[in-house]
$ cat coords-v9.cif   # mmCIF, C-alpha atoms
data_data
#
loop_
_atom_site.label_atom_id
_atom_site.label_comp_id
_atom_site.auth_asym_id
_atom_site.auth_seq_id
_atom_site.Cartn_x
_atom_site.Cartn_y
_atom_site.Cartn_z
CA MET A 1 72.08 18.96 53.64
CA GLY A 2 69.76 16.50 55.32
CA ALA A 3 68.81 14.83 58.57
CA THR A 4 70.99 13.52 61.37
CA VAL A 5 69.56 10.82 63.63
CA ILE A 6 70.81 10.44 67.19
CA VAL A 7 70.03 7.15 68.92
CA GLY A 8 70.94 5.32 72.10
CA THR A 9 72.89 2.12 71.52
CA GLN A 10 72.48 0.37 74.88
CA TRP A 11 69.54 0.28 77.33
CA GLY A 12 69.01 4.02 77.54
CA ASP A 13 70.44 6.67 79.86
CA GLU A 14 73.50 7.03 77.63
CA GLY A 15 73.46 10.83 77.73
CA LYS A 16 71.82 11.47 74.35
CA GLY A 17 70.58 14.86 75.51
CA LYS A 18 74.12 16.16 75.90
CA PHE A 19 75.06 15.31 72.32
CA THR A 20 71.69 16.36 70.94
CA ASP A 21 72.32 19.72 72.53
CA LEU A 22 75.82 19.82 71.01
CA LEU A 23 74.77 18.82 67.49
CA ALA A 24 71.76 21.15 67.54
CA ARG A 25 74.02 24.18 67.18
CA ASP A 26 74.21 23.52 63.44
CA MET A 27 70.54 22.59 62.94
CA THR A 28 67.37 24.57 62.35
CA ALA A 29 64.98 22.02 63.88
CA VAL A 30 65.21 19.20 66.41
CA VAL A 31 62.48 16.57 66.15
CA ARG A 32 61.66 14.13 68.93
CA PHE A 33 60.35 11.07 67.08
CA GLN A 34 59.11 8.52 69.66
CA GLY A 35 58.59 7.71 73.32
CA GLY A 36 56.97 9.80 75.99
CA HIS A 37 57.85 11.28 79.37
CA ASN A 38 59.23 7.95 80.56
CA ALA A 39 62.71 9.02 79.50
CA GLY A 40 64.59 12.08 80.65
CA HIS A 41 67.48 14.09 79.21
CA THR A 42 69.63 16.13 81.57
CA ILE A 43 71.65 18.98 80.07
CA VAL A 44 74.01 21.13 82.11
CA VAL A 45 74.45 24.70 80.84
CA GLU A 46 76.74 27.03 82.77
CA GLY A 47 76.21 25.02 85.92
CA GLU A 48 72.41 24.87 85.63
CA SER A 49 70.72 21.54 84.97
CA PHE A 50 67.73 21.17 82.66
CA ALA A 51 65.86 17.87 83.04
CA LEU A 52 63.78 17.43 79.90
CA GLN A 53 61.19 14.72 79.35
CA LEU A 54 59.11 15.68 76.32
CA VAL A 55 60.50 18.91 74.94
CA PRO A 56 63.32 18.27 72.44
CA SER A 57 66.80 19.16 73.72
CA GLY A 58 67.27 21.81 71.03
CA VAL A 59 64.86 24.12 72.87
CA LEU A 60 67.86 25.64 74.66
CA TYR A 61 68.96 27.29 71.40
CA PRO A 62 66.89 30.31 70.30
CA HIS A 63 67.46 29.54 66.60
CA ILE A 64 66.01 26.03 66.87
CA THR A 65 62.42 25.01 66.17
CA PRO A 66 61.79 22.16 68.63
CA VAL A 67 59.28 19.64 67.27
CA ILE A 68 57.39 16.83 69.01
CA GLY A 69 56.73 14.43 66.17
CA ASN A 70 53.82 12.17 65.34
CA GLY A 71 55.53 9.12 66.87
CA VAL A 72 55.55 10.56 70.40
CA VAL A 73 52.87 9.93 73.03
CA VAL A 74 52.15 13.14 74.92
CA ASP A 75 50.80 13.70 78.40
CA PRO A 76 49.47 17.27 78.01
CA GLY A 77 49.83 18.03 81.69
CA VAL A 78 53.47 16.98 81.73
CA LEU A 79 54.16 18.98 78.58
CA LEU A 80 52.70 22.16 80.07
CA ARG A 81 54.56 21.72 83.36
CA GLU A 82 57.81 21.24 81.45
CA THR A 83 57.34 24.33 79.29
CA ALA A 84 56.46 26.32 82.43
CA MET A 85 59.66 25.10 84.09
CA LEU A 86 61.72 26.15 81.08
CA GLU A 87 60.08 29.55 80.89
CA SER A 88 60.77 30.08 84.61
CA LYS A 89 64.47 29.54 83.85
CA GLY A 90 64.46 32.04 81.02
CA VAL A 91 64.10 29.57 78.12
CA ASP A 92 61.74 30.68 75.36
CA THR A 93 59.39 27.84 74.36
CA SER A 94 57.23 29.85 71.94
CA LYS A 95 58.72 28.06 68.91
CA LEU A 96 57.78 24.59 70.21
CA ARG A 97 55.55 22.70 67.77
CA VAL A 98 53.57 19.51 68.37
CA SER A 99 52.29 17.15 65.70
CA GLY A 100 48.53 16.92 65.50
CA ASN A 101 49.01 13.20 64.90
CA ALA A 102 50.84 12.55 68.18
CA HIS A 103 48.75 10.44 70.53
CA MET A 104 47.79 11.57 74.02
CA ILE A 105 48.25 9.90 77.39
CA PHE A 106 45.21 9.96 79.67
CA PRO A 107 44.83 9.24 83.41
CA TYR A 108 43.42 5.81 82.62
CA HIS A 109 46.59 4.89 80.73
CA GLN A 110 48.64 5.55 83.85
CA SER A 111 46.26 3.55 86.05
CA LEU A 112 46.34 0.61 83.63
CA ASP A 113 50.14 0.77 83.47
CA ALA A 114 50.44 0.46 87.26
CA LEU A 115 47.72 -2.20 87.58
CA GLN A 116 49.09 -4.38 84.79
CA GLU A 117 52.61 -4.19 86.20
CA ARG A 118 51.35 -5.17 89.65
CA HIS A 119 49.45 -8.15 88.25
CA LEU A 120 52.61 -9.44 86.54
CA GLY A 121 54.15 -10.00 89.96
CA LYS A 122 57.64 -11.47 89.74
CA ASN A 123 57.44 -11.20 85.94
CA LYS A 124 57.03 -7.43 86.01
CA LEU A 125 58.75 -5.48 83.25
CA GLY A 126 60.00 -2.52 85.26
CA THR A 127 57.77 0.03 83.52
CA THR A 128 57.85 3.63 84.74
CA LYS A 129 54.05 3.52 85.12
CA ARG A 130 53.71 6.72 83.11
CA GLY A 131 51.04 5.29 80.78
CA ILE A 132 53.33 4.97 77.78
CA GLY A 133 52.61 1.33 76.92
CA PRO A 134 48.82 1.55 77.27
CA SER A 135 48.77 4.70 75.13
CA TYR A 136 50.73 2.98 72.36
CA ALA A 137 48.44 -0.04 72.74
CA ASP A 138 45.40 2.17 72.13
CA LYS A 139 47.17 3.63 69.12
CA SER A 140 47.64 0.12 67.68
CA MET A 141 44.04 -0.79 68.53
CA ARG A 142 42.91 2.42 66.77
CA THR A 143 41.09 3.66 69.86
CA GLY A 144 43.59 6.35 70.84
CA LEU A 145 42.98 10.08 70.90
CA ARG A 146 45.44 12.36 69.15
CA ILE A 147 46.55 15.90 69.87
CA GLN A 148 44.39 17.13 66.97
CA ASP A 149 41.31 15.85 68.80
CA LEU A 150 41.82 18.62 71.35
CA LEU A 151 40.83 21.07 68.62
CA ASP A 152 37.33 19.65 68.18
CA GLU A 153 35.45 19.11 71.45
CA LYS A 154 32.64 17.18 69.77
CA ILE A 155 35.05 14.65 68.24
CA PHE A 156 37.06 14.50 71.48
CA ARG A 157 33.98 13.71 73.54
CA GLN A 158 32.71 11.08 71.07
CA LYS A 159 36.02 9.24 70.95
CA LEU A 160 36.56 9.39 74.71
CA GLU A 161 33.04 8.11 75.33
CA VAL A 162 33.75 5.04 73.20
CA VAL A 163 37.00 4.37 75.10
CA LEU A 164 35.41 4.70 78.54
CA HIS A 165 32.44 2.55 77.52
CA GLN A 166 34.89 -0.28 76.89
CA LEU A 167 37.34 0.50 79.68
CA ASN A 168 35.19 1.15 82.74
CA PRO A 169 33.66 -2.36 82.94
CA VAL A 170 37.18 -3.78 82.73
CA MET A 171 38.33 -1.55 85.58
CA ALA A 172 35.45 -2.77 87.72
CA ARG A 173 35.40 -6.48 86.86
CA VAL A 174 39.08 -7.23 86.36
CA TYR A 175 40.82 -4.78 88.66
CA ASN A 176 38.04 -4.01 91.15
CA LYS A 177 38.59 -0.29 90.59
CA LEU A 178 36.33 2.65 89.87
CA GLY A 179 36.05 3.75 86.28
CA PHE A 180 36.81 7.16 84.81
CA ASP A 181 34.41 10.06 84.39
CA LEU A 182 33.83 11.44 80.90
CA GLU A 183 32.92 14.93 82.08
CA GLU A 184 35.87 15.24 84.45
CA ILE A 185 38.43 14.29 81.80
CA THR A 186 36.78 16.45 79.16
CA GLU A 187 36.76 19.43 81.50
CA THR A 188 40.49 19.09 82.23
CA PHE A 189 41.59 18.53 78.64
CA MET A 190 39.31 21.12 77.04
CA ASN A 191 39.51 23.94 79.57
CA GLU A 192 42.94 23.48 81.15
CA TYR A 193 45.08 21.91 78.41
CA ARG A 194 43.58 22.97 75.10
CA PRO A 195 44.02 26.78 75.37
CA LYS A 196 47.75 26.42 76.06
CA ILE A 197 48.51 23.56 73.68
CA GLU A 198 46.47 24.70 70.66
CA PRO A 199 49.05 27.34 69.58
CA MET A 200 51.73 24.59 69.48
CA VAL A 201 49.78 22.20 67.24
CA THR A 202 50.78 22.11 63.59
CA ASP A 203 51.40 19.96 60.53
CA THR A 204 54.91 18.95 61.54
CA ILE A 205 55.42 16.88 58.37
CA SER A 206 55.14 20.01 56.22
CA LEU A 207 57.21 22.01 58.68
CA VAL A 208 60.10 19.54 58.68
CA HIS A 209 60.05 19.00 54.91
CA GLU A 210 60.07 22.74 54.27
CA GLU A 211 63.27 22.92 56.32
CA LEU A 212 64.83 20.06 54.36
CA GLU A 213 63.76 21.40 50.98
CA ALA A 214 65.26 24.76 51.89
CA GLY A 215 68.62 23.02 52.33
CA HIS A 216 68.63 23.21 56.12
CA GLU A 217 69.83 20.49 58.48
CA ILE A 218 67.55 18.92 61.05
CA LEU A 219 68.17 16.57 63.95
CA LEU A 220 65.94 13.59 64.75
CA GLU A 221 66.13 12.77 68.44
CA GLY A 222 65.09 9.47 69.97
CA ALA A 223 64.35 8.51 73.55
CA GLN A 224 65.35 5.19 75.15
CA ALA A 225 67.71 3.05 73.07
CA THR A 226 68.35 0.18 70.67
CA PHE A 227 68.01 -2.62 73.20
CA LEU A 228 64.72 -1.18 74.43
CA ASP A 229 63.32 -1.17 70.90
CA LEU A 230 60.01 -3.02 70.62
CA ASP A 231 61.29 -5.13 67.71
CA HIS A 232 65.06 -5.21 68.18
CA GLY A 233 65.46 -5.02 71.96
CA THR A 234 65.53 -7.62 74.72
CA TYR A 235 61.81 -8.31 74.48
CA PRO A 236 59.63 -8.21 76.59
CA TYR A 237 61.85 -5.97 78.70
CA VAL A 238 61.57 -3.14 76.20
CA THR A 239 59.69 0.09 75.59
CA SER A 240 56.55 0.33 73.45
CA SER A 241 58.00 2.11 70.42
CA ASN A 242 60.98 2.01 68.06
CA PRO A 243 63.90 4.18 69.25
CA THR A 244 66.17 2.84 66.50
CA ALA A 245 67.10 4.86 63.40
CA GLY A 246 64.31 3.26 61.37
CA GLY A 247 61.81 4.53 63.93
CA ALA A 248 63.06 8.05 63.25
CA CYS A 249 61.56 7.88 59.78
CA VAL A 250 58.17 6.67 60.98
CA GLY A 251 57.97 8.97 64.00
CA SER A 252 58.98 12.14 62.17
CA GLY A 253 57.67 11.64 58.64
CA VAL A 254 61.17 12.00 57.18
CA GLY A 255 62.02 9.33 54.61
CA PRO A 256 65.40 7.53 54.60
CA MET A 257 66.54 9.44 51.51
CA TYR A 258 67.13 12.51 53.68
CA ILE A 259 69.13 10.78 56.42
CA ASP A 260 72.86 11.15 55.89
CA ARG A 261 74.25 10.70 59.41
CA VAL A 262 73.38 8.35 62.28
CA VAL A 263 75.10 9.09 65.58
CA GLY A 264 74.97 6.31 68.15
CA VAL A 265 75.46 7.28 71.79
CA ALA A 266 76.94 4.94 74.39
CA LYS A 267 78.38 5.19 77.85
CA ALA A 268 81.99 4.11 78.38
CA TYR A 269 80.39 1.37 80.46
CA ILE A 270 76.75 0.28 80.41
CA THR A 271 73.69 0.53 82.64
CA ARG A 272 70.18 -0.80 82.68
CA VAL A 273 67.02 0.08 84.62
CA GLY A 274 64.39 -2.51 85.48
CA ALA A 275 64.31 -6.20 84.70
CA GLY A 276 65.85 -8.11 81.81
CA PRO A 277 69.06 -9.88 80.80
CA PHE A 278 72.39 -8.11 81.28
CA PRO A 279 75.46 -10.25 80.40
CA THR A 280 78.14 -7.85 81.73
CA GLU A 281 76.32 -6.75 84.89
CA LEU A 282 78.51 -6.01 87.90
CA PHE A 283 77.52 -6.95 91.45
CA ASP A 284 80.76 -5.94 93.15
CA ASP A 285 82.51 -2.88 94.51
CA VAL A 286 83.42 -1.76 90.99
CA GLY A 287 79.74 -1.67 90.08
CA ASP A 288 78.95 0.35 93.20
CA HIS A 289 81.79 2.73 92.34
CA ILE A 290 80.42 3.30 88.82
CA VAL A 291 76.94 3.98 90.21
CA ASP A 292 78.26 6.42 92.82
CA VAL A 293 80.69 8.32 90.59
CA GLY A 294 78.39 8.29 87.56
CA HIS A 295 75.31 9.27 89.61
CA GLU A 296 73.48 6.39 88.02
CA TYR A 297 69.96 7.06 89.18
CA GLY A 298 66.99 7.64 86.87
CA THR A 299 66.29 11.25 85.86
CA ASN A 300 62.54 10.70 86.22
CA THR A 301 62.20 7.80 88.64
CA GLY A 302 65.27 8.05 90.87
CA ARG A 303 65.76 4.29 90.52
CA ARG A 304 69.29 2.91 90.90
CA ARG A 305 70.62 1.72 87.56
CA ARG A 306 72.27 -1.66 87.14
CA PRO A 307 75.94 -1.18 86.10
CA GLY A 308 78.17 -3.31 83.87
CA TRP A 309 81.19 -3.31 81.57
CA PHE A 310 81.05 -2.04 77.99
CA ASP A 311 79.66 -4.73 75.67
CA CYS A 312 81.03 -4.83 72.11
CA VAL A 313 78.69 -7.69 71.13
CA MET A 314 75.72 -5.43 71.78
CA MET A 315 77.39 -2.52 70.01
CA ARG A 316 78.01 -4.52 66.82
CA TYR A 317 74.30 -5.32 66.73
CA ALA A 318 73.38 -1.69 67.36
CA ARG A 319 75.73 -0.61 64.58
CA ARG A 320 73.95 -2.88 62.10
CA VAL A 321 70.38 -2.15 63.16
CA ASN A 322 70.91 1.62 63.07
CA SER A 323 73.36 1.88 60.13
CA MET A 324 75.50 3.95 62.48
CA THR A 325 78.01 6.27 60.89
CA GLU A 326 79.74 7.19 64.15
CA LEU A 327 79.77 6.65 67.89
CA ALA A 328 79.64 9.20 70.69
CA ILE A 329 80.95 8.00 74.05
CA THR A 330 79.77 9.59 77.30
CA LYS A 331 81.05 9.46 80.87
CA LEU A 332 84.58 8.33 80.07
CA ASP A 333 85.65 10.25 83.18
CA VAL A 334 83.61 7.92 85.42
CA LEU A 335 86.30 5.28 84.83
CA ASP A 336 89.15 7.63 85.87
CA ASP A 337 89.95 5.93 89.19
CA LEU A 338 89.91 2.29 88.04
CA ASP A 339 93.16 0.31 87.89
CA THR A 340 91.91 -1.91 85.09
CA ILE A 341 88.90 -1.78 82.77
CA LYS A 342 87.19 -4.74 81.18
CA VAL A 343 85.55 -4.78 77.77
CA CYS A 344 83.28 -7.61 76.64
CA VAL A 345 84.35 -8.79 73.16
CA ALA A 346 82.34 -12.02 72.87
CA TYR A 347 80.05 -14.41 74.73
CA GLU A 348 80.41 -18.09 75.56
CA HIS A 349 77.47 -20.49 75.48
CA ASP A 350 77.62 -24.28 75.73
CA GLY A 351 81.35 -24.17 75.10
CA LYS A 352 81.02 -22.05 71.95
CA ARG A 353 82.29 -18.50 71.42
CA ILE A 354 79.63 -16.07 70.13
CA THR A 355 80.51 -12.74 68.54
CA ASP A 356 77.03 -11.84 67.25
CA PHE A 357 74.21 -10.86 69.59
CA PRO A 358 72.02 -13.97 70.20
CA TYR A 359 68.59 -13.81 68.60
CA HIS A 360 67.12 -16.35 71.09
CA GLN A 361 66.30 -15.19 74.60
CA SER A 362 67.19 -18.54 76.18
CA VAL A 363 70.72 -18.20 74.86
CA LEU A 364 71.08 -14.56 75.91
CA HIS A 365 69.99 -15.32 79.47
CA ASN A 366 72.70 -17.95 79.82
CA VAL A 367 75.78 -16.50 78.12
CA THR A 368 79.06 -15.79 79.87
CA PRO A 369 80.90 -12.63 78.78
CA VAL A 370 84.42 -12.94 77.38
CA TYR A 371 86.53 -9.98 78.47
CA GLU A 372 89.66 -8.18 77.35
CA GLU A 373 91.27 -6.35 80.24
CA LEU A 374 92.81 -2.94 79.58
CA PRO A 375 94.89 -0.73 81.88
CA GLY A 376 93.19 2.24 83.52
CA TRP A 377 94.56 5.76 83.16
CA LYS A 378 94.27 6.92 86.80
CA THR A 379 93.98 10.53 85.63
CA ASP A 380 91.24 13.13 85.98
CA LEU A 381 89.81 13.65 82.48
CA THR A 382 87.29 16.35 83.31
CA GLY A 383 89.59 19.14 82.14
CA VAL A 384 90.62 17.50 78.85
CA THR A 385 89.56 19.50 75.81
CA ASP A 386 91.51 17.86 72.98
CA ARG A 387 92.42 14.32 71.92
CA SER A 388 96.10 15.13 72.29
CA GLU A 389 95.55 15.71 76.02
CA LEU A 390 94.12 12.23 76.64
CA PRO A 391 96.31 9.80 78.56
CA MET A 392 97.55 7.01 76.30
CA ALA A 393 95.51 4.40 78.17
CA ALA A 394 92.28 6.38 77.66
CA ALA A 395 92.98 6.85 73.94
CA ASP A 396 93.82 3.15 73.66
CA TYR A 397 90.53 2.24 75.31
CA LEU A 398 88.56 4.29 72.78
CA SER A 399 90.59 2.90 69.87
CA PHE A 400 89.94 -0.62 71.12
CA VAL A 401 86.19 0.05 71.17
CA GLU A 402 86.39 1.38 67.61
CA GLU A 403 88.24 -1.69 66.39
CA GLN A 404 85.97 -4.18 68.14
CA CYS A 405 82.69 -2.52 67.18
CA GLY A 406 83.50 -1.50 63.62
CA VAL A 407 82.36 2.09 63.98
CA PRO A 408 84.51 5.21 64.49
CA VAL A 409 84.36 7.06 67.79
CA ARG A 410 83.83 10.75 67.04
CA LEU A 411 82.70 12.58 70.16
CA VAL A 412 83.73 11.82 73.75
CA GLY A 413 82.17 13.22 76.91
CA VAL A 414 84.52 13.78 79.85
CA GLY A 415 82.12 15.45 82.27
CA PRO A 416 78.51 16.59 82.67
CA GLY A 417 79.02 20.12 81.37
CA ARG A 418 77.91 21.33 77.95
CA LYS A 419 81.52 22.02 76.93
CA GLN A 420 83.10 18.88 78.39
CA VAL A 421 83.28 17.14 75.04
CA LEU A 422 86.22 16.45 72.75
CA ASP A 423 86.48 15.38 69.13
CA PHE A 424 88.29 12.03 69.12
CA ALA A 425 88.43 11.97 65.32
CA ALA A 426 90.33 15.26 65.12
#

$ encode --input "coords-v9.cif" --output "structure tokens"
Amino acid sequence: MGATVIVGTQWGDEGKGKFTDLLARDMTAVVRFQGGHNAGHTIVVEGESFALQLVPSGVLYPHITPVIGNGVVVDPGVLLRETAMLESKGVDTSKLRVSGNAHMIFPYHQSLDALQERHLGKNKLGTTKRGIGPSYADKSMRTGLRIQDLLDEKIFRQKLEVVLHQLNPVMARVYNKLGFDLEEITETFMNEYRPKIEPMVTDTISLVHEELEAGHEILLEGAQATFLDLDHGTYPYVTSSNPTAGGACVGSGVGPMYIDRVVGVAKAYITRVGAGPFPTELFDDVGDHIVDVGHEYGTNTGRRRRPGWFDCVMMRYARRVNSMTELAITKLDVLDDLDTIKVCVAYEHDGKRITDFPYHQSVLHNVTPVYEELPGWKTDLTGVTDRSELPMAAADYLSFVEEQCGVPVRLVGVGPGRKQVLDFAA
């Protein structure tokens, strides 16, 4: 018994929430280990959609202890609105636990996020402006406030006073904006947020290790994805944390000895939000079709996602970086109506064929994808419940991905519903 890590293998929006929800059935705890409310998971249960931003997907199971780990940055207001939404839909959130070491997002983080993005102009990164990056920056600068600071008003006020003493002159002189009021923020966080959040705060390291030492299985859930990783992604068009499997250890306090399964999640195609390189991006009617059929708009932002063909070069890199044991494919049904489907198997650059993901950004921005073209299946997959029911062309597509990427495909999503999943390895 040990820990399973679930990670995105592309640029996010792969549908990790669906498989987290599926795998959670056999777990006792689900731990969110990084990111903030800049990423959303949508889970459909008996026709009802649950759009989650901070609360781990396992909250929909009454036997699960959902945990927000130390690696997450938490906007307390967003957290309370999300738990209220869940409660209004009949979901019990009383077991939710939040690490005292998780850092908090403040109103000034969101203002800085928007101002900094605006000042980048044409070089903007496509941030969600939710304050995630500035909060992680404060964490690295050792000026951040953590959830545990809510429990001691004197410490909270002292730390916030230091931050605002440094920040407010910058707001005025650099951005020509008003600063932030110590009393106003303290009032909101102490009187509005603290009473509701304090019962959730705990030593999540001890909690998680007690589960592991009792022989239980836990799930470590990441937001975003491999190619948005601060170290391993397409920098600077990345997030501000590490959503790869290694980040699961840091953000949850679970050492690698306990991890025995790493599930990578990918769409049967690929999408990206915001700026940055995208070798297989589609600008034609096929791309528009994928966006329309796949409803490729951000859960939180509503932004149209950029569509493209599945990229095996990226997946090989993701396999290595995450030590993936298996692959879960989502949205295979979105490709149902296509006559032919392309899969990128290599890149070309300066007349040379490249099969490994380029480490240098100048190369990546100028590669040409090399495609294999496979026949479509022209069949509605949404009612398929077993591998034996898959059209040959669909099974061949998945087998081709396995062969090219060097990782077995285990789970396959054929629709948005909780039960629209089949075991391809069966």

$ closest_residue --input "coords-v9.cif" --among "A:Phe424, A:Phe180, A:Tyr297, A:Tyr235" --to "A:Leu112" --atoms "all atoms listed in the file"
A:Phe180

$ atom_distance --input "coords-v9.cif" --atom1 "atom CA of A:Met315" --atom2 "atom CA of A:Trp11"
11.1 Å

$ closest_residue --input "coords-v9.cif" --among "A:Asp181, A:Met257, A:Val30, A:Pro358" --to "A:Thr204" --atoms "only C-alpha atoms"
A:Val30

$ closest_residue --input "coords-v9.cif" --among "A:Lys129, A:Ile105, A:Ala3, A:Val250" --to "A:Gly71" --atoms "only C-alpha atoms"
A:Val250

$ atom_distance --input "coords-v9.cif" --atom1 "atom CA of A:Ala137" --atom2 "atom CA of A:His103"
10.7 Å

$ atom_distance --input "coords-v9.cif" --atom1 "atom CA of A:Gly298" --atom2 "atom CA of A:Glu117"
18.6 Å

$ residues_around --input "coords-v9.cif" --residues "A:Gln34" --least-positions-apart "4" --cutoff "9 Å" --atoms "only C-alpha atoms" --output "number ranges by chain"
A: 68-73, 221-224, 241-243, 247-248, 250-252

$ write_last_selection --input "coords-v9.cif" --atoms "C-alpha atoms" --output "tab-separated table (two decimals), in the coordinates of the input"
chain	number	residue	atom	x	y	z
A	68	ILE	CA	57.39	16.83	69.01
A	69	GLY	CA	56.73	14.43	66.17
A	70	ASN	CA	53.82	12.17	65.34
A	71	GLY	CA	55.53	9.12	66.87
A	72	VAL	CA	55.55	10.56	70.40
A	73	VAL	CA	52.87	9.93	73.03
A	221	GLU	CA	66.13	12.77	68.44
A	222	GLY	CA	65.09	9.47	69.97
A	223	ALA	CA	64.35	8.51	73.55
A	224	GLN	CA	65.35	5.19	75.15
A	241	SER	CA	58.00	2.11	70.42
A	242	ASN	CA	60.98	2.01	68.06
A	243	PRO	CA	63.90	4.18	69.25
A	247	GLY	CA	61.81	4.53	63.93
A	248	ALA	CA	63.06	8.05	63.25
A	250	VAL	CA	58.17	6.67	60.98
A	251	GLY	CA	57.97	8.97	64.00
A	252	SER	CA	58.98	12.14	62.17

$ resolve_selection --input "coords-v9.cif" --expression "the PyMOL selection byres ((chain A and resi 245) around 8)" --output "list of chain:residue names"
A:Val5, A:Ile6, A:Val7, A:Pro243, A:Thr244, A:Gly246, A:Gly247, A:Ala248, A:Cys249, A:Val262, A:Val321, A:Asn322, A:Ser323

$ write_last_selection --input "coords-v9.cif" --atoms "C-alpha atoms" --output "PDB file, in the frame of the given file"
ATOM      1  CA  VAL A   5      69.560  10.820  63.630  1.00  0.00           C
ATOM      2  CA  ILE A   6      70.810  10.440  67.190  1.00  0.00           C
ATOM      3  CA  VAL A   7      70.030   7.150  68.920  1.00  0.00           C
ATOM      4  CA  PRO A 243      63.900   4.180  69.250  1.00  0.00           C
ATOM      5  CA  THR A 244      66.170   2.840  66.500  1.00  0.00           C
ATOM      6  CA  GLY A 246      64.310   3.260  61.370  1.00  0.00           C
ATOM      7  CA  GLY A 247      61.810   4.530  63.930  1.00  0.00           C
ATOM      8  CA  ALA A 248      63.060   8.050  63.250  1.00  0.00           C
ATOM      9  CA  CYS A 249      61.560   7.880  59.780  1.00  0.00           C
ATOM     10  CA  VAL A 262      73.380   8.350  62.280  1.00  0.00           C
ATOM     11  CA  VAL A 321      70.380  -2.150  63.160  1.00  0.00           C
ATOM     12  CA  ASN A 322      70.910   1.620  63.070  1.00  0.00           C
ATOM     13  CA  SER A 323      73.360   1.880  60.130  1.00  0.00           C
TER      14      SER A 323
END

$ closest_residue --input "coords-v9.cif" --among "A:Val421, A:Tyr108, A:Asp152, A:Tyr136" --to "A:Leu230" --atoms "only C-alpha atoms"
A:Tyr136

$ closest_residue --input "coords-v9.cif" --among "A:Ala393, A:Met85, A:Val208, A:Val74" --to "A:Gly35" --atoms "only C-alpha atoms"
A:Val74

$ closest_residue --input "coords-v9.cif" --among "A:Gln110, A:Thr65, A:Asn101, A:Ser399" --to "A:Ile147" --atoms "all atoms listed in the file"
A:Asn101

$ resolve_selection --input "coords-v9.cif" --expression "the PyMOL selection byres ((chain A and resi 133) around 9)" --output "compact mmCIF listing (two decimals) with C-alpha atoms, in the coordinates of the input"
# COMPACT_ATOMS: atom_id res chain seq x y z
CA HIS A 109 46.59 4.89 80.73
CA ASP A 113 50.14 0.77 83.47
CA THR A 127 57.77 0.03 83.52
CA LYS A 129 54.05 3.52 85.12
CA ARG A 130 53.71 6.72 83.11
CA GLY A 131 51.04 5.29 80.78
CA ILE A 132 53.33 4.97 77.78
CA PRO A 134 48.82 1.55 77.27
CA SER A 135 48.77 4.70 75.13
CA TYR A 136 50.73 2.98 72.36
CA ALA A 137 48.44 -0.04 72.74
CA ASP A 138 45.40 2.17 72.13
CA THR A 239 59.69 0.09 75.59
CA SER A 240 56.55 0.33 73.45
CA SER A 241 58.00 2.11 70.42

$ resolve_selection --input "coords-v9.cif" --expression "the PyMOL selection byres ((chain A and resi 422) around 12)" --output "PyMOL selection string"
chain A and resi 19+22+328-332+381-390+395+409-415+417-421+423-426

$ write_last_selection --input "coords-v9.cif" --atoms "C-alpha atoms" --output "tab-separated table (two decimals), in the frame of the given file"
chain	number	residue	atom	x	y	z
A	19	PHE	CA	75.06	15.31	72.32
A	22	LEU	CA	75.82	19.82	71.01
A	328	ALA	CA	79.64	9.20	70.69
A	329	ILE	CA	80.95	8.00	74.05
A	330	THR	CA	79.77	9.59	77.30
A	331	LYS	CA	81.05	9.46	80.87
A	332	LEU	CA	84.58	8.33	80.07
A	381	LEU	CA	89.81	13.65	82.48
A	382	THR	CA	87.29	16.35	83.31
A	383	GLY	CA	89.59	19.14	82.14
A	384	VAL	CA	90.62	17.50	78.85
A	385	THR	CA	89.56	19.50	75.81
A	386	ASP	CA	91.51	17.86	72.98
A	387	ARG	CA	92.42	14.32	71.92
A	388	SER	CA	96.10	15.13	72.29
A	389	GLU	CA	95.55	15.71	76.02
A	390	LEU	CA	94.12	12.23	76.64
A	395	ALA	CA	92.98	6.85	73.94
A	409	VAL	CA	84.36	7.06	67.79
A	410	ARG	CA	83.83	10.75	67.04
A	411	LEU	CA	82.70	12.58	70.16
A	412	VAL	CA	83.73	11.82	73.75
A	413	GLY	CA	82.17	13.22	76.91
A	414	VAL	CA	84.52	13.78	79.85
A	415	GLY	CA	82.12	15.45	82.27
A	417	GLY	CA	79.02	20.12	81.37
A	418	ARG	CA	77.91	21.33	77.95
A	419	LYS	CA	81.52	22.02	76.93
A	420	GLN	CA	83.10	18.88	78.39
A	421	VAL	CA	83.28	17.14	75.04
A	423	ASP	CA	86.48	15.38	69.13
A	424	PHE	CA	88.29	12.03	69.12
A	425	ALA	CA	88.43	11.97	65.32
A	426	ALA	CA	90.33	15.26	65.12

$ residues_near_point --input "coords-v9.cif" --point "(91.3, 0.7, 71.1)" --cutoff "12 Å" --atoms "only C-alpha atoms" --output "PyMOL selection string"
chain A and resi 312+343+345+372-375+392-409+424

$ residues_around --input "coords-v9.cif" --residues "stretch 266-271 of chain A" --least-positions-apart "2" --cutoff "9 Å" --atoms "only C-alpha atoms" --output "ChimeraX atom specification"
/A:8-16,264,273,278,280-281,290-291,296,305-311,315,327-335,343,398,413

$ residues_around --input "coords-v9.cif" --residues "A:Ile354" --least-positions-apart "5" --cutoff "10 Å" --atoms "only C-alpha atoms" --output "list in words"
Val313, Val345, Ala346, Tyr347, Glu348, His349, Val367, Thr368, Pro369 and Val370 of chain A

$ residues_around --input "coords-v9.cif" --residues "A:Glu82" --least-positions-apart "3" --cutoff "12 Å" --atoms "all atoms listed in the file" --output "MDAnalysis selection string"
chainID A and resid 37 40 50:56 59 74:79 85:89 91:93 96
